[in-house]
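Visitor: This is the structure, below, for whatever I ask next.
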Amino acid sequence: MNVRLFAALREIAGHSHVEATGHTVGDVVDDLSARYGGRFSQIAEVGSFVVNGERASRDTPIADGDEVALLPPVSGGSSAEPRSAGS
């Protein structure tokens with residue numbers, strides 16, 4: 001199974017694409033968590049899952065040839081204060 005990793009998950013694994021095994025997205029996350037450790041697991045569990053371009057859950061079944069993507073949670077926004085009309 002080809003798995004794409006993004007941001008912190010990619011950094012922990014040291015690769016943007018890895019191979020994993022499993023019959024569900026949850027199996028794949030568990031396989032990779034066992035391989036890459038607790039920090040990977042913590043991030044993956046609160047992130048998002050995508051299978052073949054469609055949002056997925058841990059229970060989503062997967063088959064050979066599917067592409068699974070694991071995305072860490074995203075935070076952001078601007079820390080800049082809004083400008084007043086007179087600025």
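Quick note on naming: the chains in the structure tokens go A, B, ... in the order shown, residues restart at 1 in each chain, and ligands are numbered from 1 in order of appearance.
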Do you know which residues are at most 8 Å from segment 35-47 of chain A counting only C-alpha atoms, after dropping those on the same chain fewer than 6 positions away, and could you put them as a PDB file with all heavy atoms, in the first residue's frame?
Guide:
```
ATOM      1  N   ALA A   8       4.604  17.245   9.450  1.00  0.00           N
ATOM      2  CA  ALA A   8       5.300  16.623  10.581  1.00  0.00           C
ATOM      3  C   ALA A   8       5.413  15.115  10.422  1.00  0.00           C
ATOM      4  O   ALA A   8       6.425  14.520  10.807  1.00  0.00           O
ATOM      5  CB  ALA A   8       4.588  16.969  11.883  1.00  0.00           C
ATOM      6  N   LEU A   9       4.402  14.469   9.851  1.00  0.00           N
ATOM      7  CA  LEU A   9       4.461  13.017   9.658  1.00  0.00           C
ATOM      8  C   LEU A   9       5.576  12.651   8.685  1.00  0.00           C
ATOM      9  O   LEU A   9       6.313  11.685   8.898  1.00  0.00           O
ATOM     10  CB  LEU A   9       3.117  12.477   9.164  1.00  0.00           C
ATOM     11  CG  LEU A   9       1.953  12.646  10.147  1.00  0.00           C
ATOM     12  CD1 LEU A   9       0.643  12.233   9.485  1.00  0.00           C
ATOM     13  CD2 LEU A   9       2.202  11.855  11.423  1.00  0.00           C
ATOM     14  N   ILE A  12       8.945  13.039  10.539  1.00  0.00           N
ATOM     15  CA  ILE A  12       9.217  11.939  11.465  1.00  0.00           C
ATOM     16  C   ILE A  12       9.659  10.694  10.710  1.00  0.00           C
ATOM     17  O   ILE A  12      10.623  10.027  11.092  1.00  0.00           O
ATOM     18  CB  ILE A  12       7.982  11.640  12.345  1.00  0.00           C
ATOM     19  CG1 ILE A  12       7.718  12.811  13.293  1.00  0.00           C
ATOM     20  CG2 ILE A  12       8.171  10.331  13.123  1.00  0.00           C
ATOM     21  CD1 ILE A  12       6.381  12.761  13.986  1.00  0.00           C
ATOM     22  N   ALA A  13       8.952  10.387   9.620  1.00  0.00           N
ATOM     23  CA  ALA A  13       9.266   9.182   8.841  1.00  0.00           C
ATOM     24  C   ALA A  13      10.522   9.352   8.002  1.00  0.00           C
ATOM     25  O   ALA A  13      11.167   8.367   7.639  1.00  0.00           O
ATOM     26  CB  ALA A  13       8.083   8.814   7.947  1.00  0.00           C
ATOM     27  N   VAL A  29      -2.470   3.146   9.707  1.00  0.00           N
ATOM     28  CA  VAL A  29      -1.984   4.069  10.738  1.00  0.00           C
ATOM     29  C   VAL A  29      -1.291   3.287  11.846  1.00  0.00           C
ATOM     30  O   VAL A  29      -0.206   3.670  12.308  1.00  0.00           O
ATOM     31  CB  VAL A  29      -3.133   4.941  11.295  1.00  0.00           C
ATOM     32  CG1 VAL A  29      -2.676   5.729  12.516  1.00  0.00           C
ATOM     33  CG2 VAL A  29      -3.671   5.870  10.222  1.00  0.00           C
ATOM     34  N   LEU A  70      -1.968  10.622   4.731  1.00  0.00           N
ATOM     35  CA  LEU A  70      -2.132  10.992   6.132  1.00  0.00           C
ATOM     36  C   LEU A  70      -1.711  12.439   6.288  1.00  0.00           C
ATOM     37  O   LEU A  70      -0.576  12.806   5.960  1.00  0.00           O
ATOM     38  CB  LEU A  70      -1.275  10.104   7.028  1.00  0.00           C
ATOM     39  CG  LEU A  70      -1.469   8.596   6.907  1.00  0.00           C
ATOM     40  CD1 LEU A  70      -0.581   7.870   7.908  1.00  0.00           C
ATOM     41  CD2 LEU A  70      -2.925   8.204   7.103  1.00  0.00           C
ATOM     42  N   LEU A  71      -2.639  13.257   6.764  1.00  0.00           N
ATOM     43  CA  LEU A  71      -2.386  14.684   6.916  1.00  0.00           C
ATOM     44  C   LEU A  71      -2.494  15.067   8.378  1.00  0.00           C
ATOM     45  O   LEU A  71      -3.512  14.779   9.014  1.00  0.00           O
ATOM     46  CB  LEU A  71      -3.405  15.493   6.118  1.00  0.00           C
ATOM     47  CG  LEU A  71      -3.379  15.277   4.613  1.00  0.00           C
ATOM     48  CD1 LEU A  71      -4.314  14.163   4.214  1.00  0.00           C
ATOM     49  CD2 LEU A  71      -3.743  16.541   3.926  1.00  0.00           C
ATOM     50  N   PRO A  72      -1.481  15.706   8.931  1.00  0.00           N
ATOM     51  CA  PRO A  72      -1.573  16.146  10.317  1.00  0.00           C
ATOM     52  C   PRO A  72      -2.608  17.256  10.451  1.00  0.00           C
ATOM     53  O   PRO A  72      -3.002  17.858   9.452  1.00  0.00           O
ATOM     54  CB  PRO A  72      -0.168  16.646  10.631  1.00  0.00           C
ATOM     55  CG  PRO A  72       0.456  16.927   9.328  1.00  0.00           C
ATOM     56  CD  PRO A  72      -0.218  16.058   8.313  1.00  0.00           C
ATOM     57  N   PRO A  73      -3.038  17.537  11.672  1.00  0.00           N
ATOM     58  CA  PRO A  73      -3.996  18.638  11.842  1.00  0.00           C
ATOM     59  C   PRO A  73      -3.372  19.946  11.381  1.00  0.00           C
ATOM     60  O   PRO A  73      -2.161  20.136  11.493  1.00  0.00           O
ATOM     61  CB  PRO A  73      -4.271  18.646  13.351  1.00  0.00           C
ATOM     62  CG  PRO A  73      -3.169  17.883  13.968  1.00  0.00           C
ATOM     63  CD  PRO A  73      -2.631  16.948  12.926  1.00  0.00           C
TER      64      PRO A  73
END
```
Visitor: Taking 2 positions as the minimum chain separation for residues in the same chain, which residues sit within 9 Å of Ile62 of chain A when counting only C-alpha atoms? Answer as a ChimeraX atom specification.
Guide: /A:1,22-25,51,60,64-68
Visitor: Counting only C-alpha atoms, figure out which residue out of A:Ala7, A:Ala69, A:Val50, A:Leu32 gets nearest to Ala20 of chain A.
Guide: A:Leu32
Visitor: Restricting the calculation to only C-alpha atoms: of A:Ala34, A:Ala63, A:Val18, A:Val3, which residue gets closest to Phe49 of chain A?
Guide: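 Closest to Phe49 of chain A of all the choices is A:Val3.
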Visitor: Please identify the strand (DSSP E) residues within chain A (assignment by DSSP from backbone atoms) and present them as a ChimeraX atom specification.
Guide: /A:2-5,17-19,48-51,54-56,67-71
Visitor: Could you please take those selected residues and save N, CA, C and O atoms as a PDB file, in the first residue's frame?
Guide:
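Saved the output as part-v4.pdb:
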```pdb
ATOM      1  N   ASN A   2       0.677   2.137  -0.929  1.00  0.00           N
ATOM      2  CA  ASN A   2       1.428   3.385  -0.997  1.00  0.00           C
ATOM      3  C   ASN A   2       0.756   4.421  -0.102  1.00  0.00           C
ATOM      4  O   ASN A   2      -0.438   4.675  -0.221  1.00  0.00           O
ATOM      5  N   VAL A   3       1.525   5.000   0.805  1.00  0.00           N
ATOM      6  CA  VAL A   3       0.999   5.996   1.734  1.00  0.00           C
ATOM      7  C   VAL A   3       1.793   7.284   1.568  1.00  0.00           C
ATOM      8  O   VAL A   3       3.022   7.273   1.595  1.00  0.00           O
ATOM      9  N   ARG A   4       1.070   8.377   1.386  1.00  0.00           N
ATOM     10  CA  ARG A   4       1.706   9.700   1.303  1.00  0.00           C
ATOM     11  C   ARG A   4       1.630  10.353   2.670  1.00  0.00           C
ATOM     12  O   ARG A   4       0.585  10.348   3.311  1.00  0.00           O
ATOM     13  N   LEU A   5       2.741  10.931   3.087  1.00  0.00           N
ATOM     14  CA  LEU A   5       2.821  11.604   4.381  1.00  0.00           C
ATOM     15  C   LEU A   5       3.107  13.079   4.160  1.00  0.00           C
ATOM     16  O   LEU A   5       3.865  13.441   3.263  1.00  0.00           O
ATOM     17  N   HIS A  17       6.722   9.347   0.886  1.00  0.00           N
ATOM     18  CA  HIS A  17       5.973   8.159   0.476  1.00  0.00           C
ATOM     19  C   HIS A  17       6.560   6.954   1.190  1.00  0.00           C
ATOM     20  O   HIS A  17       7.789   6.781   1.201  1.00  0.00           O
ATOM     21  N   VAL A  18       5.693   6.145   1.783  1.00  0.00           N
ATOM     22  CA  VAL A  18       6.135   4.916   2.445  1.00  0.00           C
ATOM     23  C   VAL A  18       5.173   3.794   2.080  1.00  0.00           C
ATOM     24  O   VAL A  18       4.057   4.043   1.614  1.00  0.00           O
ATOM     25  N   GLU A  19       5.599   2.584   2.291  1.00  0.00           N
ATOM     26  CA  GLU A  19       4.744   1.416   2.087  1.00  0.00           C
ATOM     27  C   GLU A  19       4.224   0.955   3.441  1.00  0.00           C
ATOM     28  O   GLU A  19       4.938   1.006   4.443  1.00  0.00           O
ATOM     29  N   SER A  48      -6.074  13.963   9.477  1.00  0.00           N
ATOM     30  CA  SER A  48      -7.089  13.574   8.503  1.00  0.00           C
ATOM     31  C   SER A  48      -6.552  12.462   7.620  1.00  0.00           C
ATOM     32  O   SER A  48      -5.348  12.347   7.410  1.00  0.00           O
ATOM     33  N   PHE A  49      -7.474  11.673   7.086  1.00  0.00           N
ATOM     34  CA  PHE A  49      -7.133  10.565   6.202  1.00  0.00           C
ATOM     35  C   PHE A  49      -7.837  10.757   4.868  1.00  0.00           C
ATOM     36  O   PHE A  49      -8.997  11.167   4.822  1.00  0.00           O
ATOM     37  N   VAL A  50      -7.126  10.443   3.795  1.00  0.00           N
ATOM     38  CA  VAL A  50      -7.686  10.540   2.448  1.00  0.00           C
ATOM     39  C   VAL A  50      -7.316   9.260   1.706  1.00  0.00           C
ATOM     40  O   VAL A  50      -6.171   8.825   1.745  1.00  0.00           O
ATOM     41  N   VAL A  51      -8.301   8.658   1.070  1.00  0.00           N
ATOM     42  CA  VAL A  51      -8.065   7.463   0.248  1.00  0.00           C
ATOM     43  C   VAL A  51      -8.509   7.776  -1.172  1.00  0.00           C
ATOM     44  O   VAL A  51      -9.673   8.130  -1.398  1.00  0.00           O
ATOM     45  N   GLU A  54     -10.441  10.968  -1.607  1.00  0.00           N
ATOM     46  CA  GLU A  54     -11.699  11.144  -0.867  1.00  0.00           C
ATOM     47  C   GLU A  54     -11.432  11.067   0.631  1.00  0.00           C
ATOM     48  O   GLU A  54     -10.675  10.205   1.089  1.00  0.00           O
ATOM     49  N   ARG A  55     -12.080  11.949   1.405  1.00  0.00           N
ATOM     50  CA  ARG A  55     -11.936  11.906   2.863  1.00  0.00           C
ATOM     51  C   ARG A  55     -12.294  10.516   3.365  1.00  0.00           C
ATOM     52  O   ARG A  55     -13.191   9.869   2.831  1.00  0.00           O
ATOM     53  N   ALA A  56     -11.593  10.084   4.404  1.00  0.00           N
ATOM     54  CA  ALA A  56     -11.788   8.733   4.918  1.00  0.00           C
ATOM     55  C   ALA A  56     -11.717   8.747   6.440  1.00  0.00           C
ATOM     56  O   ALA A  56     -11.345   9.752   7.050  1.00  0.00           O
ATOM     57  N   GLU A  67      -4.315   4.667  -2.885  1.00  0.00           N
ATOM     58  CA  GLU A  67      -3.356   5.586  -2.294  1.00  0.00           C
ATOM     59  C   GLU A  67      -3.975   6.182  -1.042  1.00  0.00           C
ATOM     60  O   GLU A  67      -5.071   6.727  -1.076  1.00  0.00           O
ATOM     61  N   VAL A  68      -3.270   6.044   0.056  1.00  0.00           N
ATOM     62  CA  VAL A  68      -3.704   6.583   1.338  1.00  0.00           C
ATOM     63  C   VAL A  68      -2.818   7.784   1.651  1.00  0.00           C
ATOM     64  O   VAL A  68      -1.600   7.715   1.493  1.00  0.00           O
ATOM     65  N   ALA A  69      -3.439   8.872   2.078  1.00  0.00           N
ATOM     66  CA  ALA A  69      -2.679  10.057   2.492  1.00  0.00           C
ATOM     67  C   ALA A  69      -3.009  10.346   3.948  1.00  0.00           C
ATOM     68  O   ALA A  69      -4.170  10.297   4.357  1.00  0.00           O
ATOM     69  N   LEU A  70      -1.968  10.622   4.731  1.00  0.00           N
ATOM     70  CA  LEU A  70      -2.132  10.992   6.132  1.00  0.00           C
ATOM     71  C   LEU A  70      -1.711  12.439   6.288  1.00  0.00           C
ATOM     72  O   LEU A  70      -0.576  12.806   5.960  1.00  0.00           O
ATOM     73  N   LEU A  71      -2.639  13.257   6.764  1.00  0.00           N
ATOM     74  CA  LEU A  71      -2.386  14.684   6.916  1.00  0.00           C
ATOM     75  C   LEU A  71      -2.494  15.067   8.378  1.00  0.00           C
ATOM     76  O   LEU A  71      -3.512  14.779   9.014  1.00  0.00           O
TER      77      LEU A  71
END
```
Visitor: Check chain A with DSSP on the backbone and list each residue it calls alpha helix (DSSP H), as a count of residues only.
Guide: 28
